[in-house]
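Text of data33.pdb, listed as PDB, C-alpha atoms and all ligand atoms:
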ATOM      1  CA  MET A 843     123.445 112.793  79.116
ATOM      2  CA  ALA A 844     123.040 115.419  76.394
ATOM      3  CA  ASN A 845     123.884 118.430  78.577
ATOM      4  CA  GLN A 846     126.913 119.375  80.620
ATOM      5  CA  TRP A 847     125.820 118.071  84.003
ATOM      6  CA  GLN A 848     128.461 116.328  86.080
ATOM      7  CA  VAL A 849     127.108 113.597  88.361
ATOM      8  CA  ARG A 850     129.343 112.352  91.150
ATOM      9  CA  ARG A 851     128.110 109.354  93.150
ATOM     10  CA  LEU A 852     128.810 109.881  96.866
ATOM     11  CA  ALA A 853     128.403 106.479  98.513
ATOM     12  CA  GLY A 854     127.729 102.827  97.704
ATOM     13  CA  ALA A 855     124.186 102.946  99.067
ATOM     14  CA  LEU A 856     122.773 106.233  97.745
ATOM     15  CA  GLY A 857     123.437 109.894  97.016
ATOM     16  CA  ALA A 858     124.917 111.941  94.156
ATOM     17  CA  GLU A 859     126.199 115.494  93.792
ATOM     18  CA  ILE A 860     125.348 117.270  90.554
ATOM     19  CA  THR A 861     127.054 120.336  89.098
ATOM     20  CA  GLY A 862     126.872 122.172  85.779
ATOM     21  CA  VAL A 863     123.210 123.198  86.014
ATOM     22  CA  ASP A 864     121.342 126.315  87.169
ATOM     23  CA  LEU A 865     118.101 125.008  88.691
ATOM     24  CA  THR A 866     116.470 128.461  88.612
ATOM     25  CA  ALA A 867     116.552 128.215  84.798
ATOM     26  CA  ALA A 868     115.604 124.534  84.578
ATOM     27  CA  THR A 869     113.701 123.524  81.449
ATOM     28  CA  ALA A 870     111.065 120.774  81.320
ATOM     29  CA  THR A 871     113.774 118.417  80.033
ATOM     30  CA  ASP A 872     116.020 119.359  82.959
ATOM     31  CA  ILE A 873     113.210 118.629  85.416
ATOM     32  CA  GLU A 874     112.684 115.194  83.866
ATOM     33  CA  GLN A 875     116.400 114.578  84.244
ATOM     34  CA  VAL A 876     116.332 115.644  87.909
ATOM     35  CA  LYS A 877     113.460 113.170  88.482
ATOM     36  CA  GLU A 878     115.425 110.370  86.818
ATOM     37  CA  LEU A 879     118.544 111.149  88.849
ATOM     38  CA  LEU A 880     116.489 111.168  92.026
ATOM     39  CA  LEU A 881     115.041 107.734  91.250
ATOM     40  CA  GLN A 882     118.540 106.463  90.564
ATOM     41  CA  HIS A 883     120.314 107.976  93.599
ATOM     42  CA  GLN A 884     117.426 108.606  96.104
ATOM     43  CA  VAL A 885     119.021 111.851  97.345
ATOM     44  CA  VAL A 886     120.714 114.404  95.069
ATOM     45  CA  PHE A 887     122.641 117.576  95.897
ATOM     46  CA  PHE A 888     123.073 120.662  93.720
ATOM     47  CA  PRO A 889     125.661 122.955  95.334
ATOM     48  CA  GLY A 890     125.882 126.697  94.554
ATOM     49  CA  GLN A 891     122.228 127.326  93.633
ATOM     50  CA  SER A 892     121.156 129.993  96.208
ATOM     51  CA  MET A 893     117.458 130.275  95.381
ATOM     52  CA  SER A 894     115.129 132.943  96.725
ATOM     53  CA  PRO A 895     112.100 131.513  98.596
ATOM     54  CA  GLU A 896     109.952 132.313  95.533
ATOM     55  CA  GLN A 897     112.346 130.479  93.185
ATOM     56  CA  HIS A 898     112.497 127.567  95.602
ATOM     57  CA  VAL A 899     108.696 127.245  95.674
ATOM     58  CA  GLU A 900     108.465 127.621  91.901
ATOM     59  CA  PHE A 901     111.053 124.866  91.483
ATOM     60  CA  GLY A 902     109.074 122.691  93.923
ATOM     61  CA  HIS A 903     105.871 123.037  91.890
ATOM     62  CA  ASN A 904     107.564 121.026  89.124
ATOM     63  CA  PHE A 905     107.287 117.913  91.298
ATOM     64  CA  GLY A 906     103.708 118.067  92.623
ATOM     65  CA  GLU A 907     101.428 119.609  95.245
ATOM     66  CA  LEU A 908     103.268 121.520  97.979
ATOM     67  CA  GLU A 909     102.171 121.846 101.594
ATOM     68  CA  ASP A 910     103.295 123.970 104.510
ATOM     69  CA  HIS A 911     104.360 122.029 107.618
ATOM     70  CA  PRO A 912     101.175 120.831 109.364
ATOM     71  CA  ASN A 913     102.468 121.517 112.893
ATOM     72  CA  LEU A 914     105.719 123.499 113.097
ATOM     73  CA  LYS A 915     106.027 127.288 112.782
ATOM     74  CA  ASN A 916     108.852 129.029 110.925
ATOM     75  CA  PRO A 917     111.282 131.134 112.999
ATOM     76  CA  PHE A 918     112.095 133.808 110.374
ATOM     77  CA  THR A 919     110.487 133.403 106.969
ATOM     78  CA  ASP A 920     106.786 133.927 106.478
ATOM     79  CA  HIS A 921     106.116 132.225 103.172
ATOM     80  CA  PRO A 922     103.366 129.748 102.382
ATOM     81  CA  TYR A 923     104.917 126.415 101.373
ATOM     82  CA  ILE A 924     108.303 127.091 102.989
ATOM     83  CA  PHE A 925     109.135 125.137 106.121
ATOM     84  CA  GLU A 926     112.136 126.565 107.979
ATOM     85  CA  LEU A 927     114.363 125.206 110.741
ATOM     86  CA  ALA A 928     116.938 127.314 112.610
ATOM     87  CA  ALA A 929     119.359 125.766 115.089
ATOM     88  CA  THR A 930     118.968 128.626 117.599
ATOM     89  CA  ARG A 931     115.246 127.804 117.783
ATOM     90  CA  GLY A 932     115.859 124.117 118.424
ATOM     91  CA  GLY A 933     115.670 123.279 114.733
ATOM     92  CA  VAL A 934     118.067 120.357 114.517
ATOM     93  CA  ALA A 935     116.400 117.187 113.270
ATOM     94  CA  ASP A 936     118.747 114.750 115.019
ATOM     95  CA  GLU A 937     116.475 111.726 115.077
ATOM     96  CA  TRP A 938     116.156 109.431 112.032
ATOM     97  CA  HIS A 939     112.919 110.031 110.144
ATOM     98  CA  THR A 940     111.015 110.075 106.888
ATOM     99  CA  ASP A 941     109.026 113.295 106.544
ATOM    100  CA  ILE A 942     105.473 113.520 107.928
ATOM    101  CA  THR A 943     104.684 109.793 108.097
ATOM    102  CA  PHE A 944     101.970 110.502 110.667
ATOM    103  CA  GLN A 945      99.746 111.592 107.772
ATOM    104  CA  GLU A 946      97.584 109.232 105.747
ATOM    105  CA  GLN A 947      99.202 110.590 102.592
ATOM    106  CA  PRO A 948     102.726 111.562 103.652
ATOM    107  CA  SER A 949     105.329 113.469 101.684
ATOM    108  CA  ILE A 950     106.562 112.111  98.357
ATOM    109  CA  MET A 951     109.772 114.130  98.397
ATOM    110  CA  SER A 952     111.398 117.138 100.020
ATOM    111  CA  ILE A 953     113.518 119.908  98.529
ATOM    112  CA  LEU A 954     115.870 121.601 100.959
ATOM    113  CA  HIS A 955     117.745 124.867 100.523
ATOM    114  CA  MET A 956     120.735 125.175 102.872
ATOM    115  CA  VAL A 957     120.546 128.884 103.709
ATOM    116  CA  LYS A 958     123.158 129.147 106.450
ATOM    117  CA  CYS A 959     125.456 126.489 107.864
ATOM    118  CA  PRO A 960     128.533 126.166 110.042
ATOM    119  CA  GLU A 961     131.941 125.695 108.433
ATOM    120  CA  PHE A 962     132.123 122.241 109.932
ATOM    121  CA  GLY A 963     129.586 119.986 111.609
ATOM    122  CA  GLY A 964     125.845 119.891 110.956
ATOM    123  CA  ASP A 965     126.149 117.323 108.160
ATOM    124  CA  THR A 966     123.022 115.376 107.226
ATOM    125  CA  MET A 967     122.843 111.607 106.691
ATOM    126  CA  TRP A 968     120.383 109.611 104.588
ATOM    127  CA  THR A 969     119.757 105.879 104.608
ATOM    128  CA  ASN A 970     118.550 103.641 101.784
ATOM    129  CA  LEU A 971     115.393 101.849 102.955
ATOM    130  CA  ASN A 972     115.317  99.525  99.918
ATOM    131  CA  GLN A 973     118.715  98.172 100.853
ATOM    132  CA  ALA A 974     117.732  98.008 104.533
ATOM    133  CA  PHE A 975     114.790  95.785 103.590
ATOM    134  CA  ALA A 976     116.691  93.696 101.038
ATOM    135  CA  GLU A 977     119.424  92.809 103.539
ATOM    136  CA  LEU A 978     117.069  91.516 106.245
ATOM    137  CA  SER A 979     116.880  87.739 106.630
ATOM    138  CA  LEU A 980     113.966  86.038 104.863
ATOM    139  CA  PRO A 981     112.014  85.300 108.082
ATOM    140  CA  MET A 982     112.387  88.927 109.156
ATOM    141  CA  GLN A 983     111.332  90.157 105.705
ATOM    142  CA  GLN A 984     108.225  87.985 105.876
ATOM    143  CA  LEU A 985     107.368  89.228 109.356
ATOM    144  CA  CYS A 986     107.746  92.835 108.207
ATOM    145  CA  GLU A 987     105.773  92.364 104.995
ATOM    146  CA  GLY A 988     102.863  90.924 106.969
ATOM    147  CA  THR A 989     102.533  93.819 109.403
ATOM    148  CA  THR A 990     101.509  97.463 109.620
ATOM    149  CA  ALA A 991     102.585 100.221 112.018
ATOM    150  CA  LEU A 992     101.004 103.173 113.750
ATOM    151  CA  HIS A 993     102.765 106.530 113.255
ATOM    152  CA  ASP A 994     102.007 109.717 115.210
ATOM    153  CA  ALA A 995     103.075 113.353 115.515
ATOM    154  CA  ALA A 996     104.076 113.106 119.207
ATOM    155  CA  PRO A 997     107.409 114.857 118.444
ATOM    156  CA  HIS A 998     105.289 117.888 117.514
ATOM    157  CA  SER A 999     103.148 117.497 120.679
ATOM    158  CA  ARG A1000     100.301 116.152 118.493
ATOM    159  CA  PRO A1001     100.011 112.435 119.363
ATOM    160  CA  ASP A1002      96.385 112.668 118.211
ATOM    161  CA  GLN A1003      97.588 112.949 114.579
ATOM    162  CA  MET A1004      98.026 109.328 113.535
ATOM    163  CA  ALA A1005      98.172 107.079 110.509
ATOM    164  CA  ILE A1006      98.740 103.383 109.927
ATOM    165  CA  HIS A1007     101.115 102.369 107.140
ATOM    166  CA  PRO A1008     102.528  99.030 106.005
ATOM    167  CA  VAL A1009     105.905  98.184 107.532
ATOM    168  CA  VAL A1010     107.057  97.343 104.007
ATOM    169  CA  ARG A1011     105.946  99.528 101.119
ATOM    170  CA  VAL A1012     106.415  99.285  97.380
ATOM    171  CA  HIS A1013     107.875 102.241  95.511
ATOM    172  CA  PRO A1014     105.312 103.284  92.873
ATOM    173  CA  GLU A1015     107.979 104.033  90.260
ATOM    174  CA  THR A1016     110.839 101.589  90.876
ATOM    175  CA  GLY A1017     108.780  98.729  92.350
ATOM    176  CA  ALA A1018     111.424  98.279  95.084
ATOM    177  CA  LYS A1019     110.336  97.321  98.599
ATOM    178  CA  ALA A1020     111.304  99.651 101.454
ATOM    179  CA  LEU A1021     111.308  99.255 105.219
ATOM    180  CA  TYR A1022     108.922 102.030 106.228
ATOM    181  CA  VAL A1023     109.273 102.554 109.996
ATOM    182  CA  ASN A1024     111.250 105.356 111.654
ATOM    183  CA  GLU A1025     112.228 106.091 115.224
ATOM    184  CA  HIS A1026     110.810 109.649 115.177
ATOM    185  CA  PHE A1027     107.193 108.953 114.197
ATOM    186  CA  THR A1028     106.530 105.183 114.391
ATOM    187  CA  ARG A1029     104.975 103.996 117.662
ATOM    188  CA  ARG A1030     103.588 100.529 117.373
ATOM    189  CA  ILE A1031     103.340  97.431 115.216
ATOM    190  CA  VAL A1032      99.596  97.014 114.970
ATOM    191  CA  GLU A1033      99.381  93.211 114.766
ATOM    192  CA  MET A1034     101.731  92.597 117.742
ATOM    193  CA  ASN A1035     101.362  93.037 121.461
ATOM    194  CA  ALA A1036     103.114  96.036 122.996
ATOM    195  CA  THR A1037     106.174  94.107 124.219
ATOM    196  CA  GLU A1038     106.772  92.368 120.893
ATOM    197  CA  SER A1039     106.201  95.597 119.033
ATOM    198  CA  ARG A1040     108.780  97.440 121.129
ATOM    199  CA  VAL A1041     111.446  94.793 120.518
ATOM    200  CA  VAL A1042     110.809  94.561 116.770
ATOM    201  CA  LEU A1043     110.572  98.327 116.253
ATOM    202  CA  ASP A1044     113.742  98.901 118.274
ATOM    203  CA  TYR A1045     115.511  96.362 116.098
ATOM    204  CA  LEU A1046     114.268  97.735 112.763
ATOM    205  CA  THR A1047     114.875 101.388 113.592
ATOM    206  CA  GLU A1048     118.442 100.508 114.649
ATOM    207  CA  TRP A1049     118.963  98.322 111.580
ATOM    208  CA  VAL A1050     118.269 101.158 109.120
ATOM    209  CA  LYS A1051     121.181 103.111 110.659
ATOM    210  CA  ASN A1052     123.761 100.558 109.474
ATOM    211  CA  PRO A1053     126.521 102.770 107.995
ATOM    212  CA  ARG A1054     126.619 100.628 104.846
ATOM    213  CA  PHE A1055     123.110 101.828 103.951
ATOM    214  CA  THR A1056     123.949 105.530 104.384
ATOM    215  CA  VAL A1057     125.476 108.621 102.846
ATOM    216  CA  ARG A1058     126.693 111.660 104.812
ATOM    217  CA  TYR A1059     126.709 115.100 103.179
ATOM    218  CA  HIS A1060     128.782 118.123 104.174
ATOM    219  CA  TRP A1061     126.885 121.294 103.299
ATOM    220  CA  THR A1062     127.871 124.590 101.782
ATOM    221  CA  PRO A1063     125.405 127.508 101.790
ATOM    222  CA  GLY A1064     123.222 127.688  98.699
ATOM    223  CA  THR A1065     123.040 123.921  98.148
ATOM    224  CA  ILE A1066     119.708 122.458  97.051
ATOM    225  CA  ALA A1067     119.036 118.837  98.044
ATOM    226  CA  LEU A1068     116.144 116.657  96.912
ATOM    227  CA  TRP A1069     115.289 113.361  98.595
ATOM    228  CA  ASP A1070     112.731 110.673  97.945
ATOM    229  CA  ASN A1071     110.711 110.095 101.121
ATOM    230  CA  ARG A1072     109.334 106.823  99.737
ATOM    231  CA  CYS A1073     112.661 105.036 100.134
ATOM    232  CA  THR A1074     114.886 107.054 102.524
ATOM    233  CA  GLN A1075     115.230 108.394 106.061
ATOM    234  CA  HIS A1076     117.519 111.215 107.180
ATOM    235  CA  PHE A1077     119.229 112.551 110.307
ATOM    236  CA  VAL A1078     121.140 115.754 111.139
ATOM    237  CA  LEU A1079     124.365 115.621 113.155
ATOM    238  CA  ASN A1080     123.995 117.897 116.150
ATOM    239  CA  ASP A1081     127.735 118.532 116.449
ATOM    240  CA  PHE A1082     128.161 122.203 115.554
ATOM    241  CA  GLU A1083     128.400 125.681 117.055
ATOM    242  CA  GLY A1084     126.540 128.657 115.633
ATOM    243  CA  GLU A1085     123.601 129.092 113.323
ATOM    244  CA  ARG A1086     122.320 126.601 110.785
ATOM    245  CA  VAL A1087     119.188 127.513 108.818
ATOM    246  CA  ILE A1088     117.397 125.350 106.280
ATOM    247  CA  GLN A1089     114.303 126.024 104.198
ATOM    248  CA  ARG A1090     112.345 123.142 102.762
ATOM    249  CA  VAL A1091     109.485 122.747 100.365
ATOM    250  CA  THR A1092     107.581 119.525 100.742
ATOM    251  CA  VAL A1093     105.875 117.659  97.915
ATOM    252  CA  MET A1094     102.782 115.931  99.256
ATOM    253  CA  GLY A1095     100.247 113.320  98.181
ATOM    254  CA  ASP A1096     102.076 110.033  98.640
ATOM    255  CA  HIS A1097      99.908 106.896  98.359
ATOM    256  CA  VAL A1098     101.588 104.234 100.468
ATOM    257  CA  GLU A1099     101.210 100.854  98.769
ATOM    258  CA  ALA A1100     101.723  97.753 100.898
ATOM    259  CA  ALA A1101     104.001  94.950  99.775
ATOM    260  CA  ALA A1102     101.483  92.435 101.180
ATOM    261  CA  GLU A1103      98.285  92.183 103.199
ATOM    262  CA  PRO A1104      98.676  92.137 107.017
ATOM    263  CA  MET A1105      99.042  88.543 108.252
ATOM    264  CA  ALA A1106      96.733  89.109 111.254
ATOM    265  CA  GLN A1107      94.063  91.363 112.690
ATOM    266  CA  PRO A1108      95.176  94.273 114.904
ATOM    267  CA  TRP A1109      96.295  92.882 118.224
ATOM    268  CA  VAL A1110      93.624  93.084 120.933
ATOM    269  CA  ARG A1111      94.348  92.370 124.586
ATOM    270  CA  GLU A1112      92.162  89.567 125.951
ATOM    271  CA  GLY A1113      90.547  89.631 129.390
ATOM    272  CA  ARG A1114      89.936  92.471 131.800
ATOM    273  CA  LYS A1115      91.717  95.798 131.781
ATOM    274  CA  SER A1116      94.902  96.051 133.850
ATOM    275  CA  ALA A1117      97.756  98.424 134.548
ATOM    276  CA  THR A1118      99.368  97.377 131.277
ATOM    277  CA  SER A1119      96.284  98.229 129.198
ATOM    278  CA  ARG A1120      97.639 101.737 128.831
ATOM    279  CA  HIS A1121     100.186 100.443 126.292
ATOM    280  CA  ASP A1122      97.326  99.653 123.930
ATOM    281  CA  ARG A1123      95.222 102.760 124.528
ATOM    282  CA  GLN A1124      96.504 104.885 121.659
ATOM    283  CA  MET A1125      96.185 102.103 119.097
ATOM    284  CA  ARG A1126      92.686 101.210 120.342
ATOM    285  CA  GLN A1127      91.606 104.834 120.027
ATOM    286  CA  PHE A1128      92.947 105.126 116.512
ATOM    287  CA  LEU A1129      91.319 101.877 115.357
ATOM    288  CA  ARG A1130      87.990 102.882 116.914
ATOM    289  CA  SER A1131      88.009 106.303 115.233
ATOM    290  CA  ARG A1132      88.993 104.723 111.902
ATOM    291  CA  ASP A1133      86.165 102.160 112.157
ATOM    292  CA  ASN A1134      83.682 104.894 113.085
ATOM    293  CA  ALA A1135      84.769 106.977 110.113
ATOM    294  CA  ALA A1136      84.417 103.964 107.794
ATOM    295  CA  GLU A1137      80.870 103.363 109.075
ATOM    296  CA  GLY A1138      80.099 107.016 108.254
TER
HETATM  297  O1  LIG A1201     118.414 120.136 108.301
HETATM  298  C1  LIG A1201     118.561 119.168 107.561
HETATM  299  O2  LIG A1201     119.627 118.904 107.007
HETATM  300  C2  LIG A1201     117.406 118.225 107.338
HETATM  301  C3  LIG A1201     116.165 118.768 107.937
HETATM  302  C4  LIG A1201     115.142 117.716 108.142
HETATM  303  O3  LIG A1201     115.353 116.747 108.833
HETATM  304  C5  LIG A1201     113.858 117.831 107.484
HETATM  305  O4  LIG A1201     113.635 118.806 106.745
HETATM  306  O5  LIG A1201     113.025 116.925 107.674
END

Take the structure from the file and write it as structure tokens.
Amino acid sequence: MANQWQVRRLAGALGAEITGVDLTAATATDIEQVKELLLQHQVVFFPGQSMSPEQHVEFGHNFGELEDHPNLKNPFTDHPYIFELAATRGGVADEWHTDITFQEQPSIMSILHMVKCPEFGGDTMWTNLNQAFAELSLPMQQLCEGTTALHDAAPHSRPDQMAIHPVVRVHPETGAKALYVNEHFTRRIVEMNATESRVVLDYLTEWVKNPRFTVRYHWTPGTIALWDNRCTQHFVLNDFEGERVIQRVTVMGDHVEAAAEPMAQPWVREGRKSATSRHDRQMRQFLRSRDNAAEG
């Protein structure tokens, strides 16, 4: 590395802390280096940056198209492209997730500015979804590669916002396969019946939490973190008193590439409707609207 950056790896699975750089003065070469470090470590932290919202957004533009949060409103800051969470307004993301997977083209990466945080508690964890996939048994890998899953925005009271993505995706830059289901937004394995889907999804969304796949970061105010949504999930520890405020810019436009074709058609319940048909209603509605849209 030609410059004076210090890179400290934080865990076996993923994560690095980087010092010796001022991101508000980043050159094109610096940005390329940040991108390389992100591919290598999946989540990177730059403490002591303290960007203004304008600087944060400007920095974000180096990585692609930005988008405001589609559903959630900011508590304090009124800035296009900044998404803000404050603990006093219920803004603690304490369920494992990848950002915005209920959209057809979800987020490529997110850039978080830790504005205010408690002295202790409120750490965030990330998990490496490439490793989570690689360490599944071969039969389980094959099952996952041959299936797709329905995601929705029910946590934002918008279950009508849905997308289907492969359960295993291929990273467009590294080529690595990632397990792409999360407990916050993923509802149903499309090719399985509701009971099977529940069991498999419960298993996979627990599996990704294996501590060996994770890194846990303790924040200081002014830290900038970047994470790759194509191969990670994250989770905030809700174990603190007082205020914690984050601002995020979100780089959009991800094209989710499947590792393989689905091994079966979407599951359709045979026979007459019954009390249990309700478990299939949401998926049926989504498939119908998708088919109608395809027919024009
Ligand atoms: O507050 C954090 O540390 C992470 C926030 C989060 O989960 C998100 O921006 O999606």

Exercise. Quick one: residues within 10 Å of (110.8, 121.9, 89.8) (file frame), counting only C-alpha atoms, please, as a PyMOL selection string.
Key: chain A and resi 865-870+872-874+876-877+897-906+953

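Among the candidate residues A:Ile860, A:Ile1088, A:Ala995, A:Ala1067, the one lying nearest to ligand LIG 1201 (chain A) is A:Ile1088, with distances computed using all atoms listed in the file.
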
Counting all atoms listed in the file, which residues of chain A sit at most 6 Å from some atom of ligand LIG 1201 (chain A), and what is each one's closest atom pair with its distance in Å to one decimal, listed by chain and rising residue number, as a Markdown table?
| residue | atom | partner | partner_atom | distance |
| --- | --- | --- | --- | --- |
| A:Ala935 | CA | A:LIG1201 | O3 | 4.6 |
| A:Asp941 | CA | A:LIG1201 | O5 | 5.5 |
| A:Thr966 | CA | A:LIG1201 | O2 | 4.9 |
| A:Phe1077 | CA | A:LIG1201 | O3 | 5.9 |
| A:Val1078 | CA | A:LIG1201 | O2 | 5.4 |
| A:Ile1088 | CA | A:LIG1201 | O1 | 5.7 |

What are the closest atom pairs, with distances in Å to one decimal, for each residue of stretch 1012-1045 of chain A lying within 7 Å of stretch 1103-1124 of chain A, using all atoms listed in the file, rows by chain and rising residue number, as JSON lines?
{"residue": "A:Val1032", "atom": "CA", "partner": "A:Pro1108", "partner_atom": "CA", "distance": 5.2}
{"residue": "A:Glu1033", "atom": "CA", "partner": "A:Pro1108", "partner_atom": "CA", "distance": 4.3}
{"residue": "A:Met1034", "atom": "CA", "partner": "A:Trp1109", "partner_atom": "CA", "distance": 5.5}
{"residue": "A:Asn1035", "atom": "CA", "partner": "A:Trp1109", "partner_atom": "CA", "distance": 6.0}
{"residue": "A:Ala1036", "atom": "CA", "partner": "A:His1121", "partner_atom": "CA", "distance": 6.2}

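The coordinates place atom CA of A:Pro889 at 23.4 Å from atom CA of A:Arg1072.
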
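Among A:Lys1019, A:Arg1030, A:His883, A:Arg1000, the residue with the shortest atom-to-atom distance to A:Gln983, counting all atoms listed in the file, is A:Lys1019.
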
Practice problem: Would you please work out which residue, of A:Phe1128, A:Phe1027, A:Trp1069, A:Trp1049, is nearest to A:Gln882 when using only C-alpha atoms? | Solution: A:Trp1069
